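Shown next: query14.cif, containing mmCIF, C-alpha atoms and all ligand atoms.
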data_input
loop_
_atom_site.group_PDB
_atom_site.id
_atom_site.type_symbol
_atom_site.label_atom_id
_atom_site.label_comp_id
_atom_site.auth_asym_id
_atom_site.auth_seq_id
_atom_site.Cartn_x
_atom_site.Cartn_y
_atom_site.Cartn_z
ATOM 1 C CA MET A 5 -8.270 -8.835 -2.830
ATOM 2 C CA THR A 6 -5.687 -6.881 -0.884
ATOM 3 C CA MET A 7 -6.016 -3.107 -1.246
ATOM 4 C CA PRO A 8 -3.026 -1.527 -2.996
ATOM 5 C CA ARG A 9 -0.492 0.249 -0.854
ATOM 6 C CA ALA A 10 -0.471 4.014 -1.433
ATOM 7 C CA ILE A 11 2.111 6.670 -0.769
ATOM 8 C CA TYR A 12 1.328 10.297 -0.047
ATOM 9 C CA PRO A 13 4.513 12.125 -1.079
ATOM 10 C CA GLY A 14 5.359 15.727 -0.339
ATOM 11 C CA SER A 15 7.633 18.228 1.359
ATOM 12 C CA PHE A 16 5.482 18.399 4.524
ATOM 13 C CA ASP A 17 7.506 21.386 5.659
ATOM 14 C CA PRO A 18 5.568 21.238 7.972
ATOM 15 C CA ILE A 19 2.400 19.127 7.833
ATOM 16 C CA THR A 20 -0.816 21.178 8.100
ATOM 17 C CA TYR A 21 -4.509 20.464 8.712
ATOM 18 C CA GLY A 22 -4.825 20.425 4.930
ATOM 19 C CA HIS A 23 -2.490 17.428 4.709
ATOM 20 C CA ILE A 24 -4.268 15.762 7.662
ATOM 21 C CA ASP A 25 -7.571 16.187 5.792
ATOM 22 C CA ILE A 26 -6.101 14.380 2.758
ATOM 23 C CA VAL A 27 -4.712 11.597 4.969
ATOM 24 C CA ARG A 28 -8.162 11.030 6.481
ATOM 25 C CA ARG A 29 -9.829 10.911 3.044
ATOM 26 C CA ALA A 30 -7.143 8.715 1.484
ATOM 27 C CA ARG A 31 -7.224 6.286 4.414
ATOM 28 C CA LYS A 32 -10.838 5.461 3.595
ATOM 29 C CA LEU A 33 -9.764 4.079 0.208
ATOM 30 C CA PHE A 34 -6.205 3.014 1.012
ATOM 31 C CA PRO A 35 -5.910 1.388 4.447
ATOM 32 C CA LYS A 36 -2.191 0.926 3.770
ATOM 33 C CA LEU A 37 -1.050 4.532 3.414
ATOM 34 C CA ILE A 38 2.545 5.737 3.757
ATOM 35 C CA ILE A 39 3.480 9.404 4.049
ATOM 36 C CA ALA A 40 6.719 9.834 2.084
ATOM 37 C CA ILE A 41 8.630 13.019 2.894
ATOM 38 C CA VAL A 42 10.967 14.198 0.182
ATOM 39 C CA ALA A 43 14.553 14.929 1.183
ATOM 40 C CA ASN A 44 15.781 16.353 -2.084
ATOM 41 C CA PRO A 45 18.942 18.425 -1.575
ATOM 42 C CA ASN A 46 18.071 20.973 -4.252
ATOM 43 C CA LYS A 47 14.933 22.150 -2.458
ATOM 44 C CA HIS A 48 15.768 24.235 0.657
ATOM 45 C CA SER A 49 13.455 23.275 3.523
ATOM 46 C CA PHE A 50 12.705 25.058 6.800
ATOM 47 C CA PHE A 51 12.817 21.841 8.824
ATOM 48 C CA SER A 52 15.349 19.101 8.182
ATOM 49 C CA VAL A 53 14.003 15.810 6.833
ATOM 50 C CA GLY A 54 14.463 14.221 10.268
ATOM 51 C CA GLU A 55 12.538 17.033 11.919
ATOM 52 C CA ARG A 56 9.753 16.755 9.308
ATOM 53 C CA GLU A 57 9.460 13.016 9.928
ATOM 54 C CA GLN A 58 9.192 13.526 13.703
ATOM 55 C CA ILE A 59 6.796 16.466 13.427
ATOM 56 C CA THR A 60 4.595 14.451 11.055
ATOM 57 C CA ARG A 61 4.570 11.431 13.386
ATOM 58 C CA ASP A 62 3.708 13.646 16.380
ATOM 59 C CA ALA A 63 0.921 15.364 14.414
ATOM 60 C CA LEU A 64 -0.649 12.030 13.450
ATOM 61 C CA VAL A 65 -0.584 10.915 17.097
ATOM 62 C CA GLU A 66 -2.145 14.215 18.189
ATOM 63 C CA MET A 67 -4.892 13.833 15.577
ATOM 64 C CA GLY A 68 -5.562 10.250 16.648
ATOM 65 C CA ILE A 69 -4.535 8.818 13.287
ATOM 66 C CA ASN A 70 -2.697 5.546 13.824
ATOM 67 C CA ASN A 71 -1.005 3.029 11.522
ATOM 68 C CA VAL A 72 -0.030 5.542 8.883
ATOM 69 C CA GLU A 73 3.664 4.939 8.219
ATOM 70 C CA VAL A 74 5.978 7.946 7.833
ATOM 71 C CA THR A 75 9.191 7.686 5.834
ATOM 72 C CA SER A 76 11.455 9.880 3.711
ATOM 73 C CA TYR A 77 13.062 9.514 0.322
ATOM 74 C CA THR A 78 15.548 11.125 -1.991
ATOM 75 C CA GLY A 79 15.484 10.865 -5.754
ATOM 76 C CA LEU A 80 12.481 9.952 -7.854
ATOM 77 C CA LEU A 81 9.012 9.458 -6.468
ATOM 78 C CA ILE A 82 8.446 6.407 -8.674
ATOM 79 C CA ASP A 83 11.568 4.758 -7.272
ATOM 80 C CA CYS A 84 10.280 5.427 -3.762
ATOM 81 C CA ALA A 85 6.876 3.956 -4.718
ATOM 82 C CA HIS A 86 8.568 0.832 -6.078
ATOM 83 C CA LYS A 87 10.763 0.433 -3.009
ATOM 84 C CA LEU A 88 7.708 0.647 -0.766
ATOM 85 C CA GLY A 89 5.586 -1.603 -2.985
ATOM 86 C CA ALA A 90 3.032 1.139 -3.557
ATOM 87 C CA SER A 91 0.978 1.235 -6.761
ATOM 88 C CA ALA A 92 -0.929 4.438 -5.962
ATOM 89 C CA VAL A 93 0.317 7.946 -5.359
ATOM 90 C CA VAL A 94 -2.020 10.134 -3.319
ATOM 91 C CA ARG A 95 -1.991 13.903 -3.741
ATOM 92 C CA GLY A 96 -4.339 16.639 -2.597
ATOM 93 C CA LEU A 97 -5.871 19.351 -4.751
ATOM 94 C CA ARG A 98 -6.699 22.658 -3.077
ATOM 95 C CA ALA A 99 -7.834 24.856 -5.930
ATOM 96 C CA ASN A 100 -7.565 24.684 -9.699
ATOM 97 C CA SER A 101 -4.181 26.374 -9.322
ATOM 98 C CA ASP A 102 -2.798 23.025 -8.170
ATOM 99 C CA PHE A 103 -4.172 21.058 -11.088
ATOM 100 C CA ASP A 104 -1.580 21.925 -13.774
ATOM 101 C CA TYR A 105 1.316 21.020 -11.468
ATOM 102 C CA GLU A 106 -0.287 17.766 -10.309
ATOM 103 C CA PHE A 107 -1.348 16.852 -13.859
ATOM 104 C CA GLN A 108 2.222 17.353 -15.119
ATOM 105 C CA MET A 109 3.696 15.312 -12.276
ATOM 106 C CA ALA A 110 1.117 12.535 -12.631
ATOM 107 C CA LEU A 111 1.652 12.134 -16.382
ATOM 108 C CA THR A 112 5.416 12.352 -16.000
ATOM 109 C CA ASN A 113 5.352 9.680 -13.325
ATOM 110 C CA ARG A 114 3.067 7.482 -15.440
ATOM 111 C CA ASP A 115 5.462 7.888 -18.373
ATOM 112 C CA LEU A 116 8.317 6.832 -16.102
ATOM 113 C CA ASP A 117 6.382 3.919 -14.669
ATOM 114 C CA SER A 118 3.011 2.932 -16.127
ATOM 115 C CA ASP A 119 2.231 0.775 -13.076
ATOM 116 C CA ILE A 120 1.944 3.822 -10.807
ATOM 117 C CA GLU A 121 -1.419 5.613 -10.739
ATOM 118 C CA THR A 122 -1.845 9.030 -9.163
ATOM 119 C CA VAL A 123 -5.082 9.593 -7.257
ATOM 120 C CA LEU A 124 -6.027 13.192 -6.506
ATOM 121 C CA PHE A 125 -8.217 13.994 -3.502
ATOM 122 C CA MET A 126 -10.123 17.245 -3.311
ATOM 123 C CA THR A 127 -9.290 18.987 -0.050
ATOM 124 C CA ALA A 128 -11.975 20.315 2.283
ATOM 125 C CA GLY A 129 -13.049 23.811 1.208
ATOM 126 C CA LYS A 130 -11.942 25.286 4.530
ATOM 127 C CA TYR A 131 -8.321 24.286 3.846
ATOM 128 C CA SER A 132 -8.256 25.285 0.181
ATOM 129 C CA PHE A 133 -6.154 28.360 0.961
ATOM 130 C CA LEU A 134 -3.736 26.535 3.263
ATOM 131 C CA SER A 135 -0.100 25.756 2.481
ATOM 132 C CA SER A 136 2.989 25.079 4.573
ATOM 133 C CA SER A 137 4.585 28.268 3.260
ATOM 134 C CA ILE A 138 1.668 30.507 4.305
ATOM 135 C CA VAL A 139 1.724 28.915 7.766
ATOM 136 C CA LYS A 140 5.458 29.645 8.139
ATOM 137 C CA GLU A 141 4.934 33.201 6.914
ATOM 138 C CA VAL A 142 2.175 33.884 9.445
ATOM 139 C CA LYS A 143 4.138 32.252 12.269
ATOM 140 C CA ARG A 144 7.320 34.107 11.355
ATOM 141 C CA PHE A 145 5.553 37.428 11.900
ATOM 142 C CA GLY A 146 3.955 36.398 15.173
ATOM 143 C CA GLY A 147 0.559 35.381 13.831
ATOM 144 C CA ASP A 148 -1.717 32.677 15.307
ATOM 145 C CA VAL A 149 -1.556 29.442 13.290
ATOM 146 C CA SER A 150 -3.563 27.299 15.735
ATOM 147 C CA SER A 151 -6.401 26.865 13.224
ATOM 148 C CA PHE A 152 -3.948 25.823 10.481
ATOM 149 C CA VAL A 153 -1.758 23.177 12.187
ATOM 150 C CA PRO A 154 -1.960 20.773 15.150
ATOM 151 C CA SER A 155 -0.493 22.236 18.374
ATOM 152 C CA SER A 156 2.536 19.917 18.206
ATOM 153 C CA VAL A 157 3.398 21.460 14.839
ATOM 154 C CA ASP A 158 2.789 24.966 16.202
ATOM 155 C CA GLN A 159 5.210 24.250 19.061
ATOM 156 C CA ALA A 160 7.826 22.878 16.633
ATOM 157 C CA LEU A 161 7.545 26.100 14.608
ATOM 158 C CA THR A 162 7.983 28.198 17.758
ATOM 159 C CA ARG A 163 11.066 26.204 18.797
ATOM 160 C CA LYS A 164 12.634 26.373 15.341
ATOM 161 C CA LEU A 165 12.078 30.123 15.016
ATOM 162 C CA ALA A 166 13.581 30.656 18.480
ATOM 163 C CA GLN A 167 16.751 28.906 17.240
ATOM 164 C CA ALA A 168 17.039 31.220 14.244
HETATM 165 O O1 LIG B 1 4.857 18.966 -1.307
HETATM 166 P P1 LIG B 1 5.364 19.176 -2.714
HETATM 167 O O2 LIG B 1 6.600 19.998 -2.747
HETATM 168 O O3 LIG B 1 4.319 19.654 -3.665
HETATM 169 O O4 LIG B 1 5.799 17.684 -3.207
HETATM 170 C C1 LIG B 1 6.320 17.548 -4.505
HETATM 171 C C2 LIG B 1 7.001 16.173 -4.590
HETATM 172 C C3 LIG B 1 8.020 16.035 -3.475
HETATM 173 C C4 LIG B 1 5.969 15.091 -4.489
HETATM 174 C C5 LIG B 1 7.718 16.085 -5.951
HETATM 175 O O5 LIG B 1 8.521 17.235 -6.086
HETATM 176 C C6 LIG B 1 8.591 14.856 -6.044
HETATM 177 O O6 LIG B 1 8.113 13.743 -6.037
HETATM 178 N N1 LIG B 1 9.922 15.063 -6.098
HETATM 179 C C7 LIG B 1 10.846 13.950 -6.133
HETATM 180 C C8 LIG B 1 11.577 13.934 -7.460
HETATM 181 C C9 LIG B 1 10.656 13.484 -8.562
HETATM 182 O O7 LIG B 1 10.188 12.354 -8.605
HETATM 183 N N2 LIG B 1 10.363 14.435 -9.450
HETATM 184 C C10 LIG B 1 9.531 14.160 -10.632
HETATM 185 C C11 LIG B 1 8.083 14.251 -10.237
HETATM 186 S S1 LIG B 1 7.156 14.068 -11.691
#
Take the structure in this file and express it as structure tokens.
Amino acid sequence: MTMPRAIYPGSFDPITYGHIDIVRRARKLFPKLIIAIVANPNKHSFFSVGEREQITRDALVEMGINNVEVTSYTGLLIDCAHKLGASAVVRGLRANSDFDYEFQMALTNRDLDSDIETVLFMTAGKYSFLSSSIVKEVKRFGGDVSSFVPSSVDQALTRKLAQA
């Protein structure tokens, strides 16, 4: 029986150790895992979608995680899942504050397409506070984010802030 293909959608603006933790956990159940970076115009992002794809690829290489595909999508998550032939959507839960949002998205997506199941992975406790926005905030004010993101991501943040 071939394992279903799974997508791990998100903004990844940028990827953090929290996301890497979820990738490692999800890979154990879904050997065919695709990170799908959203490129929706209405959501302003710090990095462009192209930058986020490259940063994510570089981070996976740095963390020694191979054969996880990285792609981007616009529009609906379920359409992206269909296009990629994925029947599972992977998302990470940090604290109960995430649950309402994930629950709403999961049930909405199931209503839109009953073939798609959302699978939520509990993040490691040590990353339960972590988010891309807090990393950018700390970095913006000169803080050390080396325990939050891989060094390739840290360097990308430094470069991007130097452009600003
Ligand atoms: O990293 P994020 O911002 O929590 O990811 C949220 C994301 C991108 C997975 C979600 O906003 C999404 O899938 N947007 C695409 C449009 C869509 O399908 N919206 C309905 C989701 S129920």
Please check which protein, DNA or RNA residues sit within 6 Å of ligand LIG 1 (chain B), counting only C-alpha atoms and all ligand atoms, and write them as a VMD selection string. chain A and resid 13 to 16 42 79 to 81 109 112 to 113
Report as an MDAnalysis selection string all protein, DNA and RNA residues lying within 6 Å of stretch 7-10 of chain A, evaluated on all atoms listed in the file, omitting residues in the same chain fewer than 5 positions from it. chainID A and resid 36:37 90 92:93
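For the pair atom CA of A:Ile82 and atom CA of A:Phe107, the separation is 15.2 Å.
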Please list as a PyMOL selection string every residue within 7 Å of A:Ser76, counting all atoms listed in the file and excluding residues in the same chain fewer than 4 positions away. chain A and resi 40-43
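The space between atom CA of A:Asn70 and atom CA of A:Glu57 spans 14.8 Å.
What separates atom CA of A:Asn71 from atom CA of A:Val123 is a distance of 20.3 Å.
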Given the file shown, enumerate the residues that the PyMOL selection byres (((chain A and resi 21) around 12) and not hetatm) captures and present them as an MDAnalysis selection string. chainID A and resid 16 18:20 22:28 60 63:64 66:67 96 127:136 139 149:158
From the list A:Leu97, A:Val65, A:Ala85, A:Ile138, which residue is nearest A:Asp117 when using all atoms listed in the file? A:Ala85
Of the candidates A:Lys164, A:Leu116, A:Lys140, A:Arg29, which one gets nearest to A:Arg95 if we count only C-alpha atoms? A:Arg29
Distance criterion (all atoms listed in the file): nearest to A:Val72 out of A:Ile38, A:Leu161, A:Leu124, A:Ala168: A:Ile38
If I only have part of stretch 67-90 of chain A, can you fill in N, CA, C and O atoms and write it as a short mmCIF file (atom, residue, chain, number, x, y, z; two decimals), in the frame of the given file?
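Result file follows (part_24.cif):
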data_model
loop_
_atom_site.label_atom_id
_atom_site.label_comp_id
_atom_site.auth_asym_id
_atom_site.auth_seq_id
_atom_site.Cartn_x
_atom_site.Cartn_y
_atom_site.Cartn_z
N MET A 67 -3.59 13.84 16.27
CA MET A 67 -4.89 13.83 15.58
C MET A 67 -5.57 12.48 15.69
O MET A 67 -6.62 12.25 15.09
N GLY A 68 -4.94 11.56 16.45
CA GLY A 68 -5.56 10.25 16.65
C GLY A 68 -5.57 9.38 15.41
O GLY A 68 -6.42 8.50 15.25
N ILE A 69 -4.64 9.63 14.52
CA ILE A 69 -4.54 8.82 13.29
C ILE A 69 -3.41 7.81 13.51
O ILE A 69 -2.25 8.18 13.62
N ASN A 70 -3.79 6.53 13.62
CA ASN A 70 -2.70 5.55 13.82
C ASN A 70 -2.52 4.68 12.58
O ASN A 70 -3.27 4.76 11.64
N ASN A 71 -1.53 3.87 12.62
CA ASN A 71 -1.00 3.03 11.52
C ASN A 71 -0.99 3.71 10.17
O ASN A 71 -1.42 3.14 9.16
N VAL A 72 -0.49 4.94 10.15
CA VAL A 72 -0.03 5.54 8.88
C VAL A 72 1.49 5.64 9.02
O VAL A 72 1.99 6.29 9.93
N GLU A 73 2.19 4.92 8.14
CA GLU A 73 3.66 4.94 8.22
C GLU A 73 4.20 6.29 7.74
O GLU A 73 3.57 6.93 6.87
N VAL A 74 5.32 6.71 8.29
CA VAL A 74 5.98 7.95 7.83
C VAL A 74 7.41 7.59 7.45
O VAL A 74 8.12 6.94 8.23
N THR A 75 7.81 7.95 6.25
CA THR A 75 9.19 7.69 5.83
C THR A 75 9.70 8.86 5.00
O THR A 75 8.95 9.84 4.80
N SER A 76 10.94 8.80 4.57
CA SER A 76 11.46 9.88 3.71
C SER A 76 12.17 9.25 2.53
O SER A 76 12.48 8.05 2.54
N TYR A 77 12.37 10.05 1.50
CA TYR A 77 13.06 9.51 0.32
C TYR A 77 13.85 10.62 -0.37
O TYR A 77 13.54 11.80 -0.24
N THR A 78 14.86 10.18 -1.09
CA THR A 78 15.55 11.12 -1.99
C THR A 78 15.35 10.55 -3.39
O THR A 78 14.99 9.39 -3.54
N GLY A 79 15.61 11.35 -4.38
CA GLY A 79 15.48 10.86 -5.75
C GLY A 79 14.04 10.83 -6.22
O GLY A 79 13.19 11.56 -5.71
N LEU A 80 13.77 9.95 -7.16
CA LEU A 80 12.48 9.95 -7.85
C LEU A 80 11.35 9.34 -7.03
O LEU A 80 11.54 8.32 -6.35
N LEU A 81 10.22 9.94 -7.15
CA LEU A 81 9.01 9.46 -6.47
C LEU A 81 8.68 8.03 -6.91
O LEU A 81 8.35 7.17 -6.09
N ILE A 82 8.82 7.75 -8.20
CA ILE A 82 8.45 6.41 -8.67
C ILE A 82 9.38 5.34 -8.09
O ILE A 82 8.97 4.23 -7.81
N ASP A 83 10.64 5.73 -7.88
CA ASP A 83 11.57 4.76 -7.27
C ASP A 83 11.17 4.50 -5.83
O ASP A 83 11.21 3.37 -5.34
N CYS A 84 10.74 5.57 -5.16
CA CYS A 84 10.28 5.43 -3.76
C CYS A 84 9.04 4.53 -3.73
O CYS A 84 8.94 3.61 -2.93
N ALA A 85 8.12 4.75 -4.66
CA ALA A 85 6.88 3.96 -4.72
C ALA A 85 7.22 2.48 -4.91
O ALA A 85 6.71 1.60 -4.23
N HIS A 86 8.16 2.22 -5.81
CA HIS A 86 8.57 0.83 -6.08
C HIS A 86 9.18 0.20 -4.84
O HIS A 86 8.82 -0.91 -4.43
N LYS A 87 10.06 0.95 -4.20
CA LYS A 87 10.76 0.43 -3.01
C LYS A 87 9.74 0.06 -1.92
O LYS A 87 9.87 -0.95 -1.24
N LEU A 88 8.71 0.87 -1.82
CA LEU A 88 7.71 0.65 -0.77
C LEU A 88 6.58 -0.29 -1.21
O LEU A 88 5.68 -0.57 -0.45
N GLY A 89 6.63 -0.71 -2.48
CA GLY A 89 5.59 -1.60 -2.98
C GLY A 89 4.24 -0.92 -3.10
O GLY A 89 3.18 -1.52 -2.90
N ALA A 90 4.29 0.38 -3.42
CA ALA A 90 3.03 1.14 -3.56
C ALA A 90 2.67 1.25 -5.03
O ALA A 90 3.53 1.48 -5.88
#
